Amino acid sequence: MIRVRSLTKTYGRKVAVHGIDFTVEPGRVTGFLGPNGAGKSTTMRMIVGLDRPTSGTAEVNGRPYRELPAPLREVGVLLDARAAHRRRTAYKHLLSIAATHRIGAPRVREVMGLTGLEAVADKRVGGFSLGMGQRLGIAAALLGDPQTIILDEPVNGLDPEGILWIRGLLRRLAAEGRTVLLSSHLMSEMTQTADHLIVIGQGRILADGPMREVVAGATRSAVRVRTRDADRLITAIAAPEVTVSTRPDGALDITSLTAEQVADAAAASGVVLYEITTVAGSLEDAYLSLTAGAVEYRSAPAAGEGAVR
Amino acid sequence: MTSLATKAHRADARTRRPPFSATLRSEWIKLTSLPSSFLALGGILAVGLGGALFLALTLESSGVPSVPSIERTMGEVTIGTVVVGQIIAGILGVMSIGAEYSSGAIQSTLLASPTRLRALWAKAIVAFGVVTVVALVTVFGSWAATYPLYAQFGLDAPLGAPGVLPALLGAAAYLGLCAAFGVGLGAVVRSTTAGAIIVFIVTLLGPVLTSVLPYSLFSRVLRVMLLGNAGDAMARVAPEGAPFLDVWAGHISAEAGALFVCLWVAAALTAGAVALTKRDA
C-alpha cells in the first residue's frame, strides 16, 4: 500500500508537484497517467526516497521509504531501465544489488529466469537493447520478492512478446494481493493492464478512480449513424441537449440519445439508416480530455489542420 | 509446516535491517566486476614496481652517491608508487561513485541503502582496503626487487633500519587514503572527470605550482598542507632529529603528513556525506 499526503515538490519557483493526495491499494494494478512534465516521475522518486518532498509525505506500508529497514524486500522499483554500469555484466549487476539485502545467488538466477535473461547473464549491460534493459530493471525490482511494485514506463522498448509477458506478470502480482503502481504513456497498454487509474497533470491529480469510471466520467458515449438523409434525421431528433457532429467519412455522431431513440425517430420520419452503433469513449479520449488544459509541452498543430476545421 | 517456516523467515528478513557487512559485500562485488578497477590496480602495481626497478637498474649510469643514505634509497623505492599511484588511487575512488552517477546506477545503490551514508562508508572502506592491499604488495615488492641492486653498492635499506618499515607502510596507507579521499570527492562533484581533475591538482599539480609561488607564509603553509606533499612525507624516511613540522623549510614529518592526509580524507568524506544526504539523487 502506498499513501501520498499533500505531497509537494518545488524547484525554485516552479511547482512540479502540487500538494497531491492518493492511495495505491493492494490487489490491483494502478495506472499512473499524465503528460510529459506532469510530475509522474518526480512523484515516484519521492515515494522511494530518491527526491525529498518540499512538503507532505509519501509512505509505503505505513512508513517513509527511507525508514524501511529492508526496503528491497518491501518495494521493488524500476525507474530507469538504463540505471546500470555499462561495463558490468547483468548477473554481477543484480548480484551487487542482491548482496545489500543478503539475497543469495539462487534468487538472482531465479529472477533472471523469470525475466528471460539467462542467456545474457554474463553479457555486459552496455550492449543491451532498451528492451533487455527493461527486463534487467524488472529483474532488479523483483529480487526481494516485494509486496509493492513501482514501475515507471516498464513497457518502453519491449517487443510484443515482452509486452504480453509483463502484462501477465503485473496481473499475476496484483492477483497475489500485491500493490502495483505502473506509469505508462501507452493507452492501449494501460487499458489492458490497469484496474484503477490516477491521472496527473501539471502537478495536480485530475482523476483518481476505477478505470471504467474515469473513462466514463471524462468521455461521452455517442450513437454513430450512417444515412443518406442526414438533414431529415437531424430535424427529426432535434432537441436542446442533443448535439450532432459530422465525421470526415460522412457518419453522424449523436450525443444525449440512446441508439433506440435515434432508431425510433428515424423510423418515424422514414429515414433509412445503413449503420447504427453506440460508440463508447476510449481511455485515450478520456486522457486527452482530462489533460487538455494541463499539458506542459504541447506540440504545435501540423500545418493545414486548422484549415480543415 | 514448510510454508510457515518460510513465511516467518520472510517476515523476519523484512523487519530486520541487513548488516553493514552486506553493503560492504555489495560494494566489493561492484569493484571487482569492472575491468577498469583491475586496470587501475594493475597500473599502481606496474608503475610502482617498474619505477623502482628502473631507478635501481640505472643507478650506476646516473651516478652512485658516495655517501650511503637510507633516505635517498627509500625515496627511490617508493617514488613510483607514490607519485603515479596517488593519482590512480584517487581516480579509482572518484570512479566508484562518479561512474554510478553517469550511468544512473546510483539509483540502485540508494534504493538499497536509502539512508545513503551506509553506501558512502561502504564505498570508502572497500576502496581504501583494496588499494592499500595492492599498494602494500607494490611497495614491498619494489623494496624486495631492488634490494640486491642497492646492496651491491652498500646503499641497501634493510627493513630493520629506522624509518624503513614505516615508510613502506606509510606509502601504502597513503594510497589507500587517496582512494577514500576520491570517494568523498566523487560524492560531492558527481562526475569522474571533474573528480579526476581535482585529484590531479591536489596531489601532483598543486605541489609543483606552490613551489614556484613567491616565498611567503601563505605559499609555505599551502605547500605543506597540500595532499601530495603530505602524502609524500608519509612515504619518506626523515633525517634524524628532524622536527614534527617546519613550515619555512618545507619539512613535514611522516606523522605530520599522516595527520594532514587524514584531515583531507575526513574533509572530503564529510562534504560527500552532506552532499549525498542533502541533495536529491
# chains A, B, ... in the order shown; residues from 1 in each chain; ligands from 1
call {"tool": "residues_around", "arguments": {"residues": "range 282-286 of chain A", "least_positions_apart": "3", "cutoff": "7 Å", "atoms": "only C-alpha atoms", "output": "list in words"}}
result
Met187, Thr191, Val215, Ala218, Thr219, Ser289 and Leu290 of chain A
call {"tool": "interface_residues", "arguments": {"of": "chain A", "to": "chain B", "cutoff": "7 Å", "atoms": "only C-alpha atoms", "output": "number ranges by chain"}}
result
A: 49-52, 66, 69-74, 82-85, 87-88, 92, 96-97, 99-102
call {"tool": "write_last_selection", "arguments": {"atoms": "C-alpha atoms", "output": "compact mmCIF listing (two decimals), in the first residue's frame"}}
result
# COMPACT_ATOMS: atom_id res chain seq x y z
CA GLY A 49 13.13 8.47 -1.22
CA LEU A 50 15.35 9.50 -4.14
CA ASP A 51 13.99 13.05 -4.05
CA ARG A 52 12.98 14.80 -0.85
CA ARG A 66 13.90 5.90 3.95
CA PRO A 69 14.67 -1.50 7.44
CA ALA A 70 14.99 -3.73 4.37
CA PRO A 71 13.50 -1.65 1.52
CA LEU A 72 14.19 -4.08 -1.33
CA ARG A 73 12.17 -6.77 0.42
CA GLU A 74 9.17 -4.45 0.65
CA ARG A 82 19.45 2.12 -18.11
CA ALA A 83 20.40 2.58 -14.45
CA ALA A 84 23.28 0.10 -14.54
CA HIS A 85 27.01 0.40 -15.16
CA ARG A 87 30.73 -2.36 -18.25
CA ARG A 88 29.23 -4.69 -15.63
CA LYS A 92 27.01 -9.09 -11.38
CA SER A 96 25.59 -6.49 -6.25
CA ILE A 97 22.05 -5.25 -5.57
CA ALA A 99 24.06 -8.58 -1.73
CA THR A 100 22.91 -5.43 0.08
CA HIS A 101 19.95 -7.41 1.46
CA ARG A 102 21.67 -10.77 1.78
call {"tool": "atom_distance", "arguments": {"atom1": "CA of Val221 in chain B", "atom2": "CA of Val237 in chain B"}}
result
21.5 Å
call {"tool": "atom_distance", "arguments": {"atom1": "CA of Glu118 in chain A", "atom2": "CA of Leu151 in chain A"}}
result
21.8 Å
call {"tool": "atom_distance", "arguments": {"atom1": "CA of Arg135 in chain A", "atom2": "CA of Gly157 in chain A"}}
result
10.0 Å
call {"tool": "select_by_dssp", "arguments": {"residues": "range 53-291 of chain A", "states": "strand (DSSP E or B)", "output": "compact mmCIF listing (two decimals) with N, CA and C atoms, in the first residue's frame"}}
result
# COMPACT_ATOMS: atom_id res chain seq x y z
N SER A 55 7.22 19.49 0.83
CA SER A 55 6.35 19.28 1.99
C SER A 55 5.45 18.08 1.69
N GLY A 56 4.77 17.62 2.75
CA GLY A 56 3.90 16.46 2.58
C GLY A 56 4.67 15.17 2.79
N THR A 57 3.94 14.05 2.72
CA THR A 57 4.57 12.76 2.99
C THR A 57 4.20 11.73 1.93
N ALA A 58 5.07 10.77 1.78
CA ALA A 58 4.79 9.60 0.94
C ALA A 58 5.21 8.39 1.76
N GLU A 59 4.27 7.47 1.95
CA GLU A 59 4.58 6.30 2.76
C GLU A 59 4.31 5.02 2.01
N VAL A 60 5.17 4.03 2.27
CA VAL A 60 4.97 2.70 1.73
C VAL A 60 4.78 1.77 2.92
N ARG A 63 5.18 3.56 6.27
CA ARG A 63 6.44 4.22 6.66
C ARG A 63 7.07 4.92 5.46
N VAL A 75 9.66 -3.12 -1.31
CA VAL A 75 9.29 -2.36 -2.51
C VAL A 75 10.25 -2.70 -3.66
N GLY A 76 9.69 -3.06 -4.80
CA GLY A 76 10.50 -3.27 -5.99
C GLY A 76 10.31 -2.08 -6.90
N VAL A 77 11.41 -1.51 -7.35
CA VAL A 77 11.32 -0.25 -8.10
C VAL A 77 12.05 -0.35 -9.44
N LEU A 78 11.38 0.11 -10.49
CA LEU A 78 12.05 0.31 -11.78
C LEU A 78 11.74 1.73 -12.23
N THR A 89 28.48 -6.98 -15.98
CA THR A 89 27.59 -7.98 -16.56
C THR A 89 26.24 -7.93 -15.83
N ARG A 124 27.82 -7.88 -20.89
CA ARG A 124 27.87 -6.55 -20.26
C ARG A 124 26.60 -5.76 -20.60
N THR A 148 5.15 -4.59 -2.77
CA THR A 148 4.78 -3.38 -3.51
C THR A 148 5.73 -3.23 -4.69
N ILE A 149 5.16 -2.97 -5.87
CA ILE A 149 5.99 -2.84 -7.07
C ILE A 149 5.68 -1.52 -7.76
N ILE A 150 6.72 -0.74 -8.02
CA ILE A 150 6.56 0.57 -8.65
C ILE A 150 7.37 0.57 -9.95
N LEU A 151 6.67 0.72 -11.08
CA LEU A 151 7.37 0.65 -12.36
C LEU A 151 7.05 1.89 -13.19
N ASP A 152 8.11 2.58 -13.62
CA ASP A 152 7.94 3.76 -14.46
C ASP A 152 8.18 3.36 -15.91
N THR A 179 0.67 -4.73 -4.24
CA THR A 179 0.35 -3.39 -4.69
C THR A 179 1.19 -3.11 -5.93
N VAL A 180 0.54 -2.75 -7.03
CA VAL A 180 1.29 -2.49 -8.26
C VAL A 180 0.96 -1.08 -8.77
N LEU A 181 1.98 -0.24 -8.86
CA LEU A 181 1.81 1.10 -9.42
C LEU A 181 2.64 1.16 -10.70
N LEU A 182 1.97 1.57 -11.78
CA LEU A 182 2.58 1.47 -13.10
C LEU A 182 2.32 2.75 -13.87
N SER A 183 3.37 3.36 -14.39
CA SER A 183 3.12 4.52 -15.25
C SER A 183 3.39 4.12 -16.67
N HIS A 196 -7.25 0.42 -11.96
CA HIS A 196 -7.53 1.68 -11.30
C HIS A 196 -6.63 2.73 -11.94
N LEU A 197 -7.11 3.95 -12.04
CA LEU A 197 -6.34 4.98 -12.72
C LEU A 197 -6.14 6.21 -11.85
N ILE A 198 -4.94 6.74 -11.90
CA ILE A 198 -4.68 8.06 -11.32
C ILE A 198 -4.12 8.91 -12.45
N VAL A 199 -4.81 10.00 -12.77
CA VAL A 199 -4.34 10.86 -13.85
C VAL A 199 -3.81 12.15 -13.23
N ILE A 200 -2.60 12.53 -13.65
CA ILE A 200 -1.96 13.71 -13.10
C ILE A 200 -1.62 14.67 -14.23
N GLY A 201 -1.79 15.96 -13.97
CA GLY A 201 -1.45 16.97 -14.97
C GLY A 201 -0.99 18.22 -14.26
N ARG A 204 -1.02 18.21 -10.49
CA ARG A 204 -2.26 18.00 -9.73
C ARG A 204 -2.96 16.73 -10.18
N ILE A 205 -3.73 16.13 -9.26
CA ILE A 205 -4.49 14.94 -9.62
C ILE A 205 -5.74 15.36 -10.39
N LEU A 206 -5.90 14.83 -11.60
CA LEU A 206 -7.05 15.20 -12.42
C LEU A 206 -8.17 14.17 -12.27
N ALA A 207 -7.80 12.93 -12.02
CA ALA A 207 -8.80 11.88 -11.84
C ALA A 207 -8.17 10.75 -11.04
N ASP A 208 -8.98 10.11 -10.22
CA ASP A 208 -8.50 9.00 -9.40
C ASP A 208 -9.70 8.09 -9.17
N GLY A 209 -9.72 6.95 -9.83
CA GLY A 209 -10.86 6.05 -9.67
C GLY A 209 -10.69 4.81 -10.51
N PRO A 210 -11.67 3.90 -10.44
CA PRO A 210 -11.61 2.70 -11.27
C PRO A 210 -11.58 3.09 -12.75
N ALA A 222 -21.48 8.10 -27.71
CA ALA A 222 -22.28 8.70 -28.77
C ALA A 222 -22.92 7.59 -29.60
N VAL A 223 -23.93 7.94 -30.33
CA VAL A 223 -24.54 6.98 -31.26
C VAL A 223 -24.08 7.37 -32.65
N ARG A 224 -23.46 6.43 -33.33
CA ARG A 224 -22.94 6.74 -34.66
C ARG A 224 -23.88 6.16 -35.71
N VAL A 225 -24.35 7.00 -36.60
CA VAL A 225 -25.27 6.51 -37.64
C VAL A 225 -24.75 6.93 -39.02
N ARG A 226 -25.18 6.15 -39.99
CA ARG A 226 -24.84 6.45 -41.37
C ARG A 226 -26.15 6.45 -42.16
N THR A 227 -26.39 7.54 -42.85
CA THR A 227 -27.64 7.63 -43.61
C THR A 227 -27.46 8.57 -44.78
N VAL A 244 -25.06 17.02 -32.65
CA VAL A 244 -24.75 16.15 -33.78
C VAL A 244 -23.46 16.66 -34.43
N SER A 245 -22.53 15.76 -34.63
CA SER A 245 -21.32 16.18 -35.34
C SER A 245 -21.10 15.25 -36.53
N THR A 246 -20.62 15.83 -37.60
CA THR A 246 -20.39 15.05 -38.81
C THR A 246 -18.93 14.61 -38.84
N LEU A 252 -22.60 10.35 -38.72
CA LEU A 252 -23.00 11.35 -37.73
C LEU A 252 -22.80 10.79 -36.32
N ASP A 253 -22.25 11.58 -35.42
CA ASP A 253 -22.16 11.20 -34.01
C ASP A 253 -23.20 12.00 -33.24
N ILE A 254 -24.12 11.28 -32.61
CA ILE A 254 -25.22 11.95 -31.91
C ILE A 254 -25.08 11.67 -30.42
N LEU A 273 -31.53 4.04 -42.17
CA LEU A 273 -30.20 4.03 -41.56
C LEU A 273 -29.42 2.83 -42.11
N TYR A 274 -28.18 3.06 -42.56
CA TYR A 274 -27.35 1.94 -43.03
C TYR A 274 -26.56 1.33 -41.89
N GLU A 275 -26.32 2.15 -40.88
CA GLU A 275 -25.49 1.68 -39.77
C GLU A 275 -25.89 2.44 -38.53
N ILE A 276 -25.94 1.75 -37.39
CA ILE A 276 -26.16 2.44 -36.12
C ILE A 276 -25.41 1.70 -35.02
N THR A 277 -24.52 2.41 -34.35
CA THR A 277 -23.71 1.79 -33.29
C THR A 277 -23.56 2.77 -32.13
N THR A 278 -23.39 2.20 -30.94
CA THR A 278 -23.08 3.04 -29.80
C THR A 278 -21.55 3.04 -29.66
N VAL A 279 -20.98 4.24 -29.63
CA VAL A 279 -19.52 4.35 -29.54
C VAL A 279 -19.16 4.81 -28.12
call {"tool": "closest_residue", "arguments": {"among": "B:Val265, B:Val77, B:Leu45, B:Ala271", "to": "Tyr150 in chain B", "atoms": "only C-alpha atoms"}}
result
B:Val77
call {"tool": "residues_around", "arguments": {"residues": "range 159-162 of chain B", "least_positions_apart": "4", "cutoff": "10 Å", "atoms": "only C-alpha atoms", "output": "list of chain:residue names"}}
result
B:Ile70, B:Phe140, B:Trp143, B:Ala144, B:Pro166, B:Ala167, B:Leu168, B:Val237, B:Ala238, B:Pro239, B:Glu240
call {"tool": "select_by_dssp", "arguments": {"residues": "range 2-179 of chain B", "states": "alpha helix (DSSP H)", "output": "ChimeraX atom specification"}}
result
/B:2-15,20-32,35-57,70-103,106-112,117-151,164-179
call {"tool": "residues_around", "arguments": {"residues": "Arg220 in chain A", "least_positions_apart": "5", "cutoff": "8 Å", "atoms": "only C-alpha atoms", "output": "PyMOL selection string"}}
result
chain A and resi 255+280-281
call {"tool": "residues_around", "arguments": {"residues": "Ala16 in chain A", "least_positions_apart": "3", "cutoff": "8 Å", "atoms": "only C-alpha atoms", "output": "list in words"}}
result
Thr8, Lys9, Thr10, Tyr11, Gly37, Ala38, Gly39, Thr42, Gln202 and Gly203 of chain A
call {"tool": "write_last_selection", "arguments": {"atoms": "C-alpha atoms", "output": "PDB file, in the first residue's frame"}}
result
ATOM      1  CA  THR A   8       4.607  18.924  -2.886  1.00  0.00           C
ATOM      2  CA  LYS A   9       7.840  19.441  -4.765  1.00  0.00           C
ATOM      3  CA  THR A  10       9.094  22.783  -5.945  1.00  0.00           C
ATOM      4  CA  TYR A  11      12.232  23.564  -7.908  1.00  0.00           C
ATOM      5  CA  GLY A  37       6.419  17.023 -17.197  1.00  0.00           C
ATOM      6  CA  ALA A  38       3.195  16.374 -15.268  1.00  0.00           C
ATOM      7  CA  GLY A  39       5.102  15.212 -12.204  1.00  0.00           C
ATOM      8  CA  THR A  42       9.030  13.209  -9.569  1.00  0.00           C
ATOM      9  CA  GLN A 202       0.716  19.966 -14.079  1.00  0.00           C
ATOM     10  CA  GLY A 203       1.395  18.500 -10.668  1.00  0.00           C
TER      11      GLY A 203
END
call {"tool": "residues_around", "arguments": {"residues": "Leu269 in chain B", "least_positions_apart": "3", "cutoff": "8 Å", "atoms": "only C-alpha atoms", "output": "MDAnalysis selection string"}}
result
chainID B and resid 180:181 183:185 265:266 272:273
call {"tool": "write_last_selection", "arguments": {"atoms": "N, CA and C atoms", "output": "PDB file, in the first residue's frame"}}
result
ATOM      1  N   ALA B 180      40.064   6.694  -0.553  1.00  0.00           N
ATOM      2  CA  ALA B 180      38.944   7.113   0.296  1.00  0.00           C
ATOM      3  C   ALA B 180      38.619   8.592   0.055  1.00  0.00           C
ATOM      4  N   PHE B 181      39.690   9.401  -0.120  1.00  0.00           N
ATOM      5  CA  PHE B 181      39.506  10.816  -0.443  1.00  0.00           C
ATOM      6  C   PHE B 181      38.705  10.941  -1.744  1.00  0.00           C
ATOM      7  N   VAL B 183      36.541   8.869  -3.005  1.00  0.00           N
ATOM      8  CA  VAL B 183      35.135   8.503  -2.808  1.00  0.00           C
ATOM      9  C   VAL B 183      34.345   9.706  -2.288  1.00  0.00           C
ATOM     10  N   GLY B 184      34.893  10.380  -1.275  1.00  0.00           N
ATOM     11  CA  GLY B 184      34.217  11.559  -0.725  1.00  0.00           C
ATOM     12  C   GLY B 184      34.074  12.639  -1.781  1.00  0.00           C
ATOM     13  N   LEU B 185      35.160  12.852  -2.519  1.00  0.00           N
ATOM     14  CA  LEU B 185      35.171  13.863  -3.575  1.00  0.00           C
ATOM     15  C   LEU B 185      34.136  13.526  -4.653  1.00  0.00           C
ATOM     16  N   VAL B 265      41.107  13.529   3.958  1.00  0.00           N
ATOM     17  CA  VAL B 265      40.135  12.449   3.773  1.00  0.00           C
ATOM     18  C   VAL B 265      38.867  12.746   4.565  1.00  0.00           C
ATOM     19  N   ALA B 266      39.045  13.194   5.821  1.00  0.00           N
ATOM     20  CA  ALA B 266      37.890  13.495   6.670  1.00  0.00           C
ATOM     21  C   ALA B 266      37.053  14.612   6.062  1.00  0.00           C
ATOM     22  N   GLY B 272      31.200  14.880   1.246  1.00  0.00           N
ATOM     23  CA  GLY B 272      30.467  13.882   0.469  1.00  0.00           C
ATOM     24  C   GLY B 272      29.208  13.430   1.189  1.00  0.00           C
ATOM     25  N   ALA B 273      29.321  13.221   2.496  1.00  0.00           N
ATOM     26  CA  ALA B 273      28.173  12.776   3.294  1.00  0.00           C
ATOM     27  C   ALA B 273      27.083  13.840   3.292  1.00  0.00           C
TER      28      ALA B 273
END
call {"tool": "decode", "arguments": {"residues": "range 20-127 of chain A", "atoms": "C-alpha atoms", "output": "PDB file, in the first residue's frame"}}
result
ATOM      1  CA  ILE A  20      -1.308  15.765  -4.220  1.00  0.00           C
ATOM      2  CA  ASP A  21      -3.104  13.025  -2.274  1.00  0.00           C
ATOM      3  CA  PHE A  22      -3.719   9.476  -3.374  1.00  0.00           C
ATOM      4  CA  THR A  23      -3.611   5.925  -2.142  1.00  0.00           C
ATOM      5  CA  VAL A  24      -2.491   2.904  -4.117  1.00  0.00           C
ATOM      6  CA  GLU A  25      -4.309  -0.154  -2.807  1.00  0.00           C
ATOM      7  CA  PRO A  26      -3.044  -3.730  -2.837  1.00  0.00           C
ATOM      8  CA  GLY A  27      -4.606  -6.400  -5.016  1.00  0.00           C
ATOM      9  CA  ARG A  28      -4.939  -4.374  -8.190  1.00  0.00           C
ATOM     10  CA  VAL A  29      -2.866  -2.681 -10.836  1.00  0.00           C
ATOM     11  CA  THR A  30      -2.994   1.090 -10.521  1.00  0.00           C
ATOM     12  CA  GLY A  31      -2.104   3.050 -13.622  1.00  0.00           C
ATOM     13  CA  PHE A  32      -0.382   6.399 -13.254  1.00  0.00           C
ATOM     14  CA  LEU A  33      -1.032   8.587 -16.296  1.00  0.00           C
ATOM     15  CA  GLY A  34      -0.038  12.076 -17.271  1.00  0.00           C
ATOM     16  CA  PRO A  35       1.627  14.132 -19.984  1.00  0.00           C
ATOM     17  CA  ASN A  36       5.395  14.719 -20.019  1.00  0.00           C
ATOM     18  CA  GLY A  37       6.419  17.023 -17.197  1.00  0.00           C
ATOM     19  CA  ALA A  38       3.195  16.374 -15.268  1.00  0.00           C
ATOM     20  CA  GLY A  39       5.102  15.212 -12.204  1.00  0.00           C
ATOM     21  CA  LYS A  40       4.775  11.409 -12.562  1.00  0.00           C
ATOM     22  CA  SER A  41       8.444  10.579 -12.252  1.00  0.00           C
ATOM     23  CA  THR A  42       9.030  13.209  -9.569  1.00  0.00           C
ATOM     24  CA  THR A  43       6.176  11.715  -7.534  1.00  0.00           C
ATOM     25  CA  MET A  44       7.561   8.204  -7.957  1.00  0.00           C
ATOM     26  CA  ARG A  45      11.062   9.376  -6.988  1.00  0.00           C
ATOM     27  CA  MET A  46       9.672  10.981  -3.842  1.00  0.00           C
ATOM     28  CA  ILE A  47       7.788   7.808  -2.915  1.00  0.00           C
ATOM     29  CA  VAL A  48      11.040   5.827  -2.967  1.00  0.00           C
ATOM     30  CA  GLY A  49      13.132   8.470  -1.217  1.00  0.00           C
ATOM     31  CA  LEU A  50      15.349   9.499  -4.138  1.00  0.00           C
ATOM     32  CA  ASP A  51      13.990  13.051  -4.047  1.00  0.00           C
ATOM     33  CA  ARG A  52      12.982  14.802  -0.855  1.00  0.00           C
ATOM     34  CA  PRO A  53       9.471  16.332  -0.844  1.00  0.00           C
ATOM     35  CA  THR A  54       9.308  20.083  -0.255  1.00  0.00           C
ATOM     36  CA  SER A  55       6.346  19.281   1.994  1.00  0.00           C
ATOM     37  CA  GLY A  56       3.904  16.460   2.577  1.00  0.00           C
ATOM     38  CA  THR A  57       4.571  12.764   2.992  1.00  0.00           C
ATOM     39  CA  ALA A  58       4.789   9.605   0.942  1.00  0.00           C
ATOM     40  CA  GLU A  59       4.577   6.301   2.764  1.00  0.00           C
ATOM     41  CA  VAL A  60       4.971   2.703   1.725  1.00  0.00           C
ATOM     42  CA  ASN A  61       3.339   0.188   4.056  1.00  0.00           C
ATOM     43  CA  GLY A  62       2.865   2.935   6.633  1.00  0.00           C
ATOM     44  CA  ARG A  63       6.436   4.224   6.659  1.00  0.00           C
ATOM     45  CA  PRO A  64       8.522   6.628   4.588  1.00  0.00           C
ATOM     46  CA  TYR A  65      10.754   4.610   2.246  1.00  0.00           C
ATOM     47  CA  ARG A  66      13.901   5.902   3.952  1.00  0.00           C
ATOM     48  CA  GLU A  67      12.772   4.337   7.223  1.00  0.00           C
ATOM     49  CA  LEU A  68      12.140   0.852   5.850  1.00  0.00           C
ATOM     50  CA  PRO A  69      14.671  -1.500   7.435  1.00  0.00           C
ATOM     51  CA  ALA A  70      14.990  -3.728   4.374  1.00  0.00           C
ATOM     52  CA  PRO A  71      13.499  -1.651   1.518  1.00  0.00           C
ATOM     53  CA  LEU A  72      14.193  -4.078  -1.332  1.00  0.00           C
ATOM     54  CA  ARG A  73      12.173  -6.770   0.423  1.00  0.00           C
ATOM     55  CA  GLU A  74       9.166  -4.450   0.654  1.00  0.00           C
ATOM     56  CA  VAL A  75       9.291  -2.365  -2.506  1.00  0.00           C
ATOM     57  CA  GLY A  76      10.502  -3.272  -5.992  1.00  0.00           C
ATOM     58  CA  VAL A  77      11.315  -0.255  -8.100  1.00  0.00           C
ATOM     59  CA  LEU A  78      12.047   0.307 -11.783  1.00  0.00           C
ATOM     60  CA  LEU A  79      12.514   3.974 -12.609  1.00  0.00           C
ATOM     61  CA  ASP A  80      15.145   3.982 -15.333  1.00  0.00           C
ATOM     62  CA  ALA A  81      15.952   0.890 -17.354  1.00  0.00           C
ATOM     63  CA  ARG A  82      19.455   2.116 -18.108  1.00  0.00           C
ATOM     64  CA  ALA A  83      20.396   2.577 -14.450  1.00  0.00           C
ATOM     65  CA  ALA A  84      23.280   0.103 -14.537  1.00  0.00           C
ATOM     66  CA  HIS A  85      27.009   0.398 -15.162  1.00  0.00           C
ATOM     67  CA  ARG A  86      27.562  -0.339 -18.838  1.00  0.00           C
ATOM     68  CA  ARG A  87      30.730  -2.364 -18.246  1.00  0.00           C
ATOM     69  CA  ARG A  88      29.231  -4.685 -15.627  1.00  0.00           C
ATOM     70  CA  THR A  89      27.590  -7.982 -16.557  1.00  0.00           C
ATOM     71  CA  ALA A  90      23.871  -8.408 -15.958  1.00  0.00           C
ATOM     72  CA  TYR A  91      24.493 -11.130 -13.382  1.00  0.00           C
ATOM     73  CA  LYS A  92      27.015  -9.094 -11.383  1.00  0.00           C
ATOM     74  CA  HIS A  93      24.751  -6.039 -11.537  1.00  0.00           C
ATOM     75  CA  LEU A  94      21.898  -7.985  -9.972  1.00  0.00           C
ATOM     76  CA  LEU A  95      24.217  -9.797  -7.564  1.00  0.00           C
ATOM     77  CA  SER A  96      25.589  -6.488  -6.249  1.00  0.00           C
ATOM     78  CA  ILE A  97      22.049  -5.251  -5.566  1.00  0.00           C
ATOM     79  CA  ALA A  98      21.007  -8.555  -4.006  1.00  0.00           C
ATOM     80  CA  ALA A  99      24.062  -8.581  -1.731  1.00  0.00           C
ATOM     81  CA  THR A 100      22.907  -5.431   0.084  1.00  0.00           C
ATOM     82  CA  HIS A 101      19.951  -7.412   1.458  1.00  0.00           C
ATOM     83  CA  ARG A 102      21.668 -10.767   1.785  1.00  0.00           C
ATOM     84  CA  ILE A 103      19.654 -12.143  -1.089  1.00  0.00           C
ATOM     85  CA  GLY A 104      21.567 -15.119  -2.431  1.00  0.00           C
ATOM     86  CA  ALA A 105      22.783 -16.071  -5.899  1.00  0.00           C
ATOM     87  CA  PRO A 106      19.978 -18.660  -6.354  1.00  0.00           C
ATOM     88  CA  ARG A 107      17.347 -15.896  -6.176  1.00  0.00           C
ATOM     89  CA  VAL A 108      19.376 -13.816  -8.651  1.00  0.00           C
ATOM     90  CA  ARG A 109      19.345 -16.798 -11.060  1.00  0.00           C
ATOM     91  CA  GLU A 110      15.629 -17.211 -10.394  1.00  0.00           C
ATOM     92  CA  VAL A 111      14.670 -13.630 -11.340  1.00  0.00           C
ATOM     93  CA  MET A 112      16.935 -13.837 -14.387  1.00  0.00           C
ATOM     94  CA  GLY A 113      14.969 -16.905 -15.435  1.00  0.00           C
ATOM     95  CA  LEU A 114      11.683 -15.156 -14.700  1.00  0.00           C
ATOM     96  CA  THR A 115      12.630 -12.188 -16.888  1.00  0.00           C
ATOM     97  CA  GLY A 116      14.225 -14.221 -19.665  1.00  0.00           C
ATOM     98  CA  LEU A 117      17.779 -13.017 -19.079  1.00  0.00           C
ATOM     99  CA  GLU A 118      19.592 -16.347 -18.543  1.00  0.00           C
ATOM    100  CA  ALA A 119      21.159 -16.281 -21.989  1.00  0.00           C
ATOM    101  CA  VAL A 120      22.700 -12.833 -21.427  1.00  0.00           C
ATOM    102  CA  ALA A 121      23.651 -13.267 -17.770  1.00  0.00           C
ATOM    103  CA  ASP A 122      27.347 -12.835 -18.461  1.00  0.00           C
ATOM    104  CA  LYS A 123      26.978 -10.136 -21.121  1.00  0.00           C
ATOM    105  CA  ARG A 124      27.865  -6.554 -20.260  1.00  0.00           C
ATOM    106  CA  VAL A 125      24.857  -4.296 -19.746  1.00  0.00           C
ATOM    107  CA  GLY A 126      26.252  -1.718 -22.197  1.00  0.00           C
ATOM    108  CA  GLY A 127      25.375  -3.980 -25.109  1.00  0.00           C
TER     109      GLY A 127
END
